[in-house]
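Working notes for the structure below.
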There are 2 protein chains.
Amino acid sequence: MAPFAPTADPCPSCDAPDLAFAQHDHGRCQSDALSRAEGLVTARGLRLTPVRRRVLEILLESHRAMGAYDVLNRLVAEGFGNQPPVAYRALDFLEEQGLAHRIRRLNAFTACMHPGEAHAPAFLICHRCNAVAEAPASALRLALNAAADQVGFTVEGSNIEAVGQCAACRGQAA
Amino acid sequence: MAPFAPTADPCPSCDAPDLAFAQHDHGRCQSDALSRAEGLVTARGLRLTPVRRRVLEILLESHRAMGAYDVLNRLVAEGFGNQPPVAYRALDFLEEQGLAHRIRRLNAFTACMHPGEAHAPAFLICHRCNAVAEAPASALRLALNAAADQVGFTVEGSNIEAVGQCAACRGQAA
DNA sequence: AGGCGAATGTGATACTATAACAAAGGACCG
DNA sequence: CGGTCCTTTGTTATAGTATCACATTCGCCT
């Protein structure tokens, strides 16, 4: 996995990891992520082509995870190719570049909320509002690596996902 | 999620969490898990029917994860029903009863190596030998719950999976 | 024996993902 | 400018994973 060079831009999600679950200026959230993404991609000598950019925009519309076929339907409606590989390729690219994450529990994808920072977050998935937040996971990674070390296992990649209820939804339920 | 009543039997995997990656008396490993499973299921007033039992046995043959259709093929060969629901129902039952785990990263299932103990382990998946081990994850759970608590999120279920190389395979590679 | 709920068998279908190849677009170099 | 090469996209086809719905059977209880 290629390390991501840190950027100078502030990352709103870092100060508020619960952003996904709370009211916030989503327009800014969205455009921030998009401009950060463009910077990163070009800095790496790659291209944020129309399909790729559009897919990222679609994912950025909400803090939820979308299935590849949901994304594909959107693309079709906008005149892009209408076969699965079109969506999967863009999604795979975004994931490789750390601009999107795959949520295995949902067979779905979500935009990365702080691209450019080396991270492999834990995901918190609210099963009521379907929002997905990235929780800071450095302590988790340490614990995981420690557990793996104990048995001589070398971790190369991992996914940590939790389902439950966010604060807002729990409030409503009560 | 129903809590699992602890049993009096010793659990070899607890003393050796790296069992899956090491040489061991697999016959004992297997029969242990099976008898523990039977005890648990009947204690709960449920039935370990032929299909369910056979599926568990199949999963127990190795410390690897099997796809539902791999399991199904085995069942077909032994005269059970040959449609997906046959396998999925048994697998779902085993998972609900804590006798098997779903490895989301692999879209596959693996037998639980210490059924009866309340646990939601972290999985270590070796991409060379395909073995899957359950790592003790209490520290991990704590870290995950702490991270979730910080944003007011209540964790109801989670999956923690790591891919990498086990000690034996890393030795061979060198 | 009859009734009842759980479990299984079966056909059909939905959903997720990838392989393979053709065609188009861009960058580079002469 | 034209040619070459590599990347990206379009498209057909197919593989792999999972669930629905309904009929039937099984185990248990009375």
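In the structure tokens, chains take letters A, B, ... by order of appearance, with residues numbered from 1 within each chain and ligands from 1 in the order shown.
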Could you list, as a ChimeraX atom specification, every residue within 12 Å of DA19 (chain C), counting only C-alpha atoms (C1' of nucleotides) and ignoring same-chain residues fewer than 4 positions away? /A:85 /D:12-15
Lay chain B over chain A using all C-alpha atoms, matched one to one in order, with a least-squares fit; then write it out as a PDB file with C-alpha atoms, in the first residue's frame.
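Contents of the output file result_21.pdb:
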ATOM      1  CA  MET B   1      -0.112   0.002  -0.218  1.00  0.00           C
ATOM      2  CA  ALA B   2       1.310   3.358  -1.191  1.00  0.00           C
ATOM      3  CA  PRO B   3       1.623   5.828   1.650  1.00  0.00           C
ATOM      4  CA  PHE B   4      -0.319   9.025   1.265  1.00  0.00           C
ATOM      5  CA  ALA B   5       1.564  12.246   1.444  1.00  0.00           C
ATOM      6  CA  PRO B   6       0.016  14.536   4.012  1.00  0.00           C
ATOM      7  CA  THR B   7      -1.455  17.750   2.709  1.00  0.00           C
ATOM      8  CA  ALA B   8      -1.395  21.192   4.200  1.00  0.00           C
ATOM      9  CA  ASP B   9      -5.147  21.632   3.997  1.00  0.00           C
ATOM     10  CA  PRO B  10      -7.168  21.303   7.138  1.00  0.00           C
ATOM     11  CA  CYS B  11      -9.431  18.304   7.322  1.00  0.00           C
ATOM     12  CA  PRO B  12     -12.755  19.066   8.955  1.00  0.00           C
ATOM     13  CA  SER B  13     -13.537  15.427   9.547  1.00  0.00           C
ATOM     14  CA  CYS B  14     -10.509  14.987  11.720  1.00  0.00           C
ATOM     15  CA  ASP B  15     -11.752  17.494  14.219  1.00  0.00           C
ATOM     16  CA  ALA B  16     -15.231  16.051  14.124  1.00  0.00           C
ATOM     17  CA  PRO B  17     -15.184  12.351  13.488  1.00  0.00           C
ATOM     18  CA  ASP B  18     -18.894  12.206  14.049  1.00  0.00           C
ATOM     19  CA  LEU B  19     -19.519  14.585  11.193  1.00  0.00           C
ATOM     20  CA  ALA B  20     -21.360  11.961   9.222  1.00  0.00           C
ATOM     21  CA  PHE B  21     -23.943  11.637  11.978  1.00  0.00           C
ATOM     22  CA  ALA B  22     -24.411  15.337  12.603  1.00  0.00           C
ATOM     23  CA  GLN B  23     -25.761  18.397  10.869  1.00  0.00           C
ATOM     24  CA  HIS B  24     -22.968  20.144   9.065  1.00  0.00           C
ATOM     25  CA  ASP B  25     -22.074  22.265   6.077  1.00  0.00           C
ATOM     26  CA  HIS B  26     -22.121  19.427   3.636  1.00  0.00           C
ATOM     27  CA  GLY B  27     -21.399  21.575   0.637  1.00  0.00           C
ATOM     28  CA  ARG B  28     -18.077  22.499   2.100  1.00  0.00           C
ATOM     29  CA  CYS B  29     -17.493  18.939   3.221  1.00  0.00           C
ATOM     30  CA  GLN B  30     -18.056  17.807  -0.331  1.00  0.00           C
ATOM     31  CA  SER B  31     -16.014  20.404  -2.165  1.00  0.00           C
ATOM     32  CA  ASP B  32     -13.196  20.032   0.323  1.00  0.00           C
ATOM     33  CA  ALA B  33     -12.899  16.351  -0.311  1.00  0.00           C
ATOM     34  CA  LEU B  34     -13.153  16.830  -4.040  1.00  0.00           C
ATOM     35  CA  SER B  35     -10.439  19.416  -4.253  1.00  0.00           C
ATOM     36  CA  ARG B  36      -8.205  17.404  -1.984  1.00  0.00           C
ATOM     37  CA  ALA B  37      -8.791  14.430  -4.230  1.00  0.00           C
ATOM     38  CA  GLU B  38      -7.852  16.317  -7.355  1.00  0.00           C
ATOM     39  CA  GLY B  39      -4.667  17.534  -5.792  1.00  0.00           C
ATOM     40  CA  LEU B  40      -3.664  14.088  -4.671  1.00  0.00           C
ATOM     41  CA  VAL B  41      -4.369  12.377  -7.926  1.00  0.00           C
ATOM     42  CA  THR B  42      -2.523  14.853 -10.104  1.00  0.00           C
ATOM     43  CA  ALA B  43       0.346  14.938  -7.636  1.00  0.00           C
ATOM     44  CA  ARG B  44       0.683  11.228  -8.248  1.00  0.00           C
ATOM     45  CA  GLY B  45       0.719  11.694 -11.989  1.00  0.00           C
ATOM     46  CA  LEU B  46      -2.676  10.072 -12.389  1.00  0.00           C
ATOM     47  CA  ARG B  47      -5.863  11.386 -13.849  1.00  0.00           C
ATOM     48  CA  LEU B  48      -9.193  12.124 -12.238  1.00  0.00           C
ATOM     49  CA  THR B  49     -11.105  11.447 -15.431  1.00  0.00           C
ATOM     50  CA  PRO B  50     -14.756  12.423 -15.888  1.00  0.00           C
ATOM     51  CA  VAL B  51     -16.106   9.038 -14.823  1.00  0.00           C
ATOM     52  CA  ARG B  52     -13.852   8.836 -11.795  1.00  0.00           C
ATOM     53  CA  ARG B  53     -14.592  12.356 -10.786  1.00  0.00           C
ATOM     54  CA  ARG B  54     -18.296  11.888 -11.217  1.00  0.00           C
ATOM     55  CA  VAL B  55     -18.294   8.702  -9.182  1.00  0.00           C
ATOM     56  CA  LEU B  56     -16.481  10.458  -6.401  1.00  0.00           C
ATOM     57  CA  GLU B  57     -18.984  13.297  -6.537  1.00  0.00           C
ATOM     58  CA  ILE B  58     -21.827  10.826  -6.334  1.00  0.00           C
ATOM     59  CA  LEU B  59     -20.313   9.133  -3.324  1.00  0.00           C
ATOM     60  CA  LEU B  60     -19.739  12.509  -1.745  1.00  0.00           C
ATOM     61  CA  GLU B  61     -23.387  13.469  -1.981  1.00  0.00           C
ATOM     62  CA  SER B  62     -24.076  11.731   1.278  1.00  0.00           C
ATOM     63  CA  HIS B  63     -22.319  10.081   4.150  1.00  0.00           C
ATOM     64  CA  ARG B  64     -23.735   6.753   3.168  1.00  0.00           C
ATOM     65  CA  ALA B  65     -22.426   3.748   1.357  1.00  0.00           C
ATOM     66  CA  MET B  66     -23.619   3.072  -2.175  1.00  0.00           C
ATOM     67  CA  GLY B  67     -23.637  -0.194  -4.037  1.00  0.00           C
ATOM     68  CA  ALA B  68     -21.735  -0.354  -7.296  1.00  0.00           C
ATOM     69  CA  TYR B  69     -24.973  -0.764  -9.181  1.00  0.00           C
ATOM     70  CA  ASP B  70     -26.511   2.295  -7.576  1.00  0.00           C
ATOM     71  CA  VAL B  71     -23.534   4.250  -8.762  1.00  0.00           C
ATOM     72  CA  LEU B  72     -23.810   2.647 -12.161  1.00  0.00           C
ATOM     73  CA  ASN B  73     -27.449   3.661 -12.508  1.00  0.00           C
ATOM     74  CA  ARG B  74     -26.483   7.236 -11.857  1.00  0.00           C
ATOM     75  CA  LEU B  75     -23.740   7.045 -14.453  1.00  0.00           C
ATOM     76  CA  VAL B  76     -26.072   5.577 -17.034  1.00  0.00           C
ATOM     77  CA  ALA B  77     -28.519   8.390 -16.478  1.00  0.00           C
ATOM     78  CA  GLU B  78     -25.737  10.819 -17.224  1.00  0.00           C
ATOM     79  CA  GLY B  79     -24.606   9.224 -20.420  1.00  0.00           C
ATOM     80  CA  PHE B  80     -21.674   7.144 -19.279  1.00  0.00           C
ATOM     81  CA  GLY B  81     -21.276   3.481 -20.122  1.00  0.00           C
ATOM     82  CA  ASN B  82     -23.937   1.221 -18.745  1.00  0.00           C
ATOM     83  CA  GLN B  83     -22.026  -1.918 -17.905  1.00  0.00           C
ATOM     84  CA  PRO B  84     -20.804  -2.882 -14.430  1.00  0.00           C
ATOM     85  CA  PRO B  85     -17.098  -2.539 -15.210  1.00  0.00           C
ATOM     86  CA  VAL B  86     -17.592   1.170 -15.734  1.00  0.00           C
ATOM     87  CA  ALA B  87     -18.625   1.612 -12.143  1.00  0.00           C
ATOM     88  CA  TYR B  88     -16.287  -0.975 -10.683  1.00  0.00           C
ATOM     89  CA  ARG B  89     -13.249   0.417 -12.417  1.00  0.00           C
ATOM     90  CA  ALA B  90     -13.876   3.895 -11.149  1.00  0.00           C
ATOM     91  CA  LEU B  91     -14.624   2.623  -7.658  1.00  0.00           C
ATOM     92  CA  ASP B  92     -11.514   0.474  -7.630  1.00  0.00           C
ATOM     93  CA  PHE B  93      -9.434   3.399  -8.749  1.00  0.00           C
ATOM     94  CA  LEU B  94     -10.845   5.603  -6.021  1.00  0.00           C
ATOM     95  CA  GLU B  95     -10.253   2.937  -3.448  1.00  0.00           C
ATOM     96  CA  GLU B  96      -6.673   2.373  -4.548  1.00  0.00           C
ATOM     97  CA  GLN B  97      -6.036   6.072  -4.304  1.00  0.00           C
ATOM     98  CA  GLY B  98      -7.551   6.267  -0.870  1.00  0.00           C
ATOM     99  CA  LEU B  99     -10.423   8.431  -2.037  1.00  0.00           C
ATOM    100  CA  ALA B 100     -13.115   5.902  -1.259  1.00  0.00           C
ATOM    101  CA  HIS B 101     -13.526   2.932   1.005  1.00  0.00           C
ATOM    102  CA  ARG B 102     -15.203  -0.368   0.477  1.00  0.00           C
ATOM    103  CA  ILE B 103     -17.604  -1.330   3.233  1.00  0.00           C
ATOM    104  CA  ARG B 104     -17.532  -5.096   3.063  1.00  0.00           C
ATOM    105  CA  ARG B 105     -20.424  -5.579   5.369  1.00  0.00           C
ATOM    106  CA  LEU B 106     -22.660  -3.697   2.964  1.00  0.00           C
ATOM    107  CA  ASN B 107     -21.037  -4.657  -0.320  1.00  0.00           C
ATOM    108  CA  ALA B 108     -20.874  -0.966  -0.911  1.00  0.00           C
ATOM    109  CA  PHE B 109     -18.598   2.009  -1.185  1.00  0.00           C
ATOM    110  CA  THR B 110     -18.306   5.313   0.589  1.00  0.00           C
ATOM    111  CA  ALA B 111     -16.272   8.422  -0.076  1.00  0.00           C
ATOM    112  CA  CYS B 112     -13.237   8.903   2.073  1.00  0.00           C
ATOM    113  CA  MET B 113     -13.704  11.816   4.417  1.00  0.00           C
ATOM    114  CA  HIS B 114     -10.086  12.727   4.829  1.00  0.00           C
ATOM    115  CA  PRO B 115      -8.138  11.648   1.802  1.00  0.00           C
ATOM    116  CA  GLY B 116      -4.440  12.208   1.771  1.00  0.00           C
ATOM    117  CA  GLU B 117      -3.873  11.104   5.297  1.00  0.00           C
ATOM    118  CA  ALA B 118      -2.441   7.685   5.802  1.00  0.00           C
ATOM    119  CA  HIS B 119      -5.277   5.873   7.411  1.00  0.00           C
ATOM    120  CA  ALA B 120      -7.195   2.648   7.520  1.00  0.00           C
ATOM    121  CA  PRO B 121     -10.162   3.660   9.555  1.00  0.00           C
ATOM    122  CA  ALA B 122     -12.806   1.826  11.466  1.00  0.00           C
ATOM    123  CA  PHE B 123     -16.275   2.350  10.095  1.00  0.00           C
ATOM    124  CA  LEU B 124     -19.344   3.029  12.154  1.00  0.00           C
ATOM    125  CA  ILE B 125     -22.492   2.107  10.283  1.00  0.00           C
ATOM    126  CA  CYS B 126     -25.818   3.313  11.630  1.00  0.00           C
ATOM    127  CA  HIS B 127     -28.524   0.863  10.668  1.00  0.00           C
ATOM    128  CA  ARG B 128     -31.244   3.429  11.150  1.00  0.00           C
ATOM    129  CA  CYS B 129     -30.066   6.370   9.109  1.00  0.00           C
ATOM    130  CA  ASN B 130     -27.543   4.364   7.094  1.00  0.00           C
ATOM    131  CA  ALA B 131     -24.835   6.924   7.657  1.00  0.00           C
ATOM    132  CA  VAL B 132     -21.288   5.663   7.677  1.00  0.00           C
ATOM    133  CA  ALA B 133     -18.614   7.436   9.679  1.00  0.00           C
ATOM    134  CA  GLU B 134     -14.904   6.877   9.787  1.00  0.00           C
ATOM    135  CA  ALA B 135     -13.764   6.563  13.355  1.00  0.00           C
ATOM    136  CA  PRO B 136     -10.186   7.356  14.261  1.00  0.00           C
ATOM    137  CA  ALA B 137      -8.593   3.980  14.489  1.00  0.00           C
ATOM    138  CA  SER B 138      -5.004   4.419  15.477  1.00  0.00           C
ATOM    139  CA  ALA B 139      -5.575   2.729  18.827  1.00  0.00           C
ATOM    140  CA  LEU B 140      -7.456   0.007  17.072  1.00  0.00           C
ATOM    141  CA  ARG B 141      -4.618  -0.546  14.639  1.00  0.00           C
ATOM    142  CA  LEU B 142      -2.206  -0.841  17.481  1.00  0.00           C
ATOM    143  CA  ALA B 143      -4.373  -3.404  19.196  1.00  0.00           C
ATOM    144  CA  LEU B 144      -4.809  -5.345  15.977  1.00  0.00           C
ATOM    145  CA  ASN B 145      -1.127  -5.355  15.200  1.00  0.00           C
ATOM    146  CA  ALA B 146      -0.349  -6.399  18.736  1.00  0.00           C
ATOM    147  CA  ALA B 147      -2.779  -9.295  18.545  1.00  0.00           C
ATOM    148  CA  ALA B 148      -1.311 -10.325  15.205  1.00  0.00           C
ATOM    149  CA  ASP B 149       2.257  -9.974  16.408  1.00  0.00           C
ATOM    150  CA  GLN B 150       1.576 -12.377  19.221  1.00  0.00           C
ATOM    151  CA  VAL B 151       1.079 -15.167  16.736  1.00  0.00           C
ATOM    152  CA  GLY B 152       3.711 -13.965  14.272  1.00  0.00           C
ATOM    153  CA  PHE B 153       1.168 -12.724  11.777  1.00  0.00           C
ATOM    154  CA  THR B 154       1.996  -9.757   9.575  1.00  0.00           C
ATOM    155  CA  VAL B 155      -0.976  -7.545   8.813  1.00  0.00           C
ATOM    156  CA  GLU B 156      -1.019  -6.153   5.296  1.00  0.00           C
ATOM    157  CA  GLY B 157      -4.546  -4.892   5.151  1.00  0.00           C
ATOM    158  CA  SER B 158      -7.618  -4.927   7.304  1.00  0.00           C
ATOM    159  CA  ASN B 159     -11.194  -3.937   7.607  1.00  0.00           C
ATOM    160  CA  ILE B 160     -12.861  -2.946  10.823  1.00  0.00           C
ATOM    161  CA  GLU B 161     -16.566  -2.299  10.641  1.00  0.00           C
ATOM    162  CA  ALA B 162     -19.192  -1.852  13.312  1.00  0.00           C
ATOM    163  CA  VAL B 163     -22.954  -1.638  12.925  1.00  0.00           C
ATOM    164  CA  GLY B 164     -25.132   0.005  15.486  1.00  0.00           C
ATOM    165  CA  GLN B 165     -26.911   3.256  16.130  1.00  0.00           C
ATOM    166  CA  CYS B 166     -25.629   6.765  15.987  1.00  0.00           C
ATOM    167  CA  ALA B 167     -26.406   9.245  18.733  1.00  0.00           C
ATOM    168  CA  ALA B 168     -29.096  11.061  16.768  1.00  0.00           C
ATOM    169  CA  CYS B 169     -30.999   7.908  15.894  1.00  0.00           C
ATOM    170  CA  ARG B 170     -30.769   6.564  19.408  1.00  0.00           C
ATOM    171  CA  GLY B 171     -32.225   9.846  20.611  1.00  0.00           C
ATOM    172  CA  GLN B 172     -35.158   9.519  18.237  1.00  0.00           C
ATOM    173  CA  ALA B 173     -35.808   5.940  19.195  1.00  0.00           C
ATOM    174  CA  ALA B 174     -36.163   6.896  22.852  1.00  0.00           C
TER     175      ALA B 174
END
Any idea which chain D residues end up within 9 Å of chain B if we count only C-alpha atoms (C1' of nucleotides), as a VMD selection string please? chain D and resid 16 to 19
Spatial neighbours of DG27 (chain D), max dist 10 Å, only C-alpha atoms (C1' of nucleotides), sep filter under 3 positions, as number ranges by chain: C: 5-7
Select residues of chain C: the criterion is any atom within 8 Å of an atom of chain B, counting only C-alpha atoms (C1' of nucleotides); output as a PyMOL selection string. chain C and resi 8-10
For the structure I just gave you, how does DSSP split region 12-152 of chain B - specifically, which residues are alpha helix (DSSP H)? Reply as a PyMOL selection string. chain B and resi 12-15+26-43+50-60+68-77+84-96+138-150
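In this model, the gap between C1' of DC29 (chain C) and C1' of DC1 (chain D) comes to 11.9 Å.
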Could you tell me, as a count of residues only, which residues of chain A DSSP assigns to strand (DSSP E) when given the backbone? 29
In Å, rounded to a single decimal, give me how far C1' of DC21 (chain C) is from C1' of DC5 (chain D). 18.0 Å
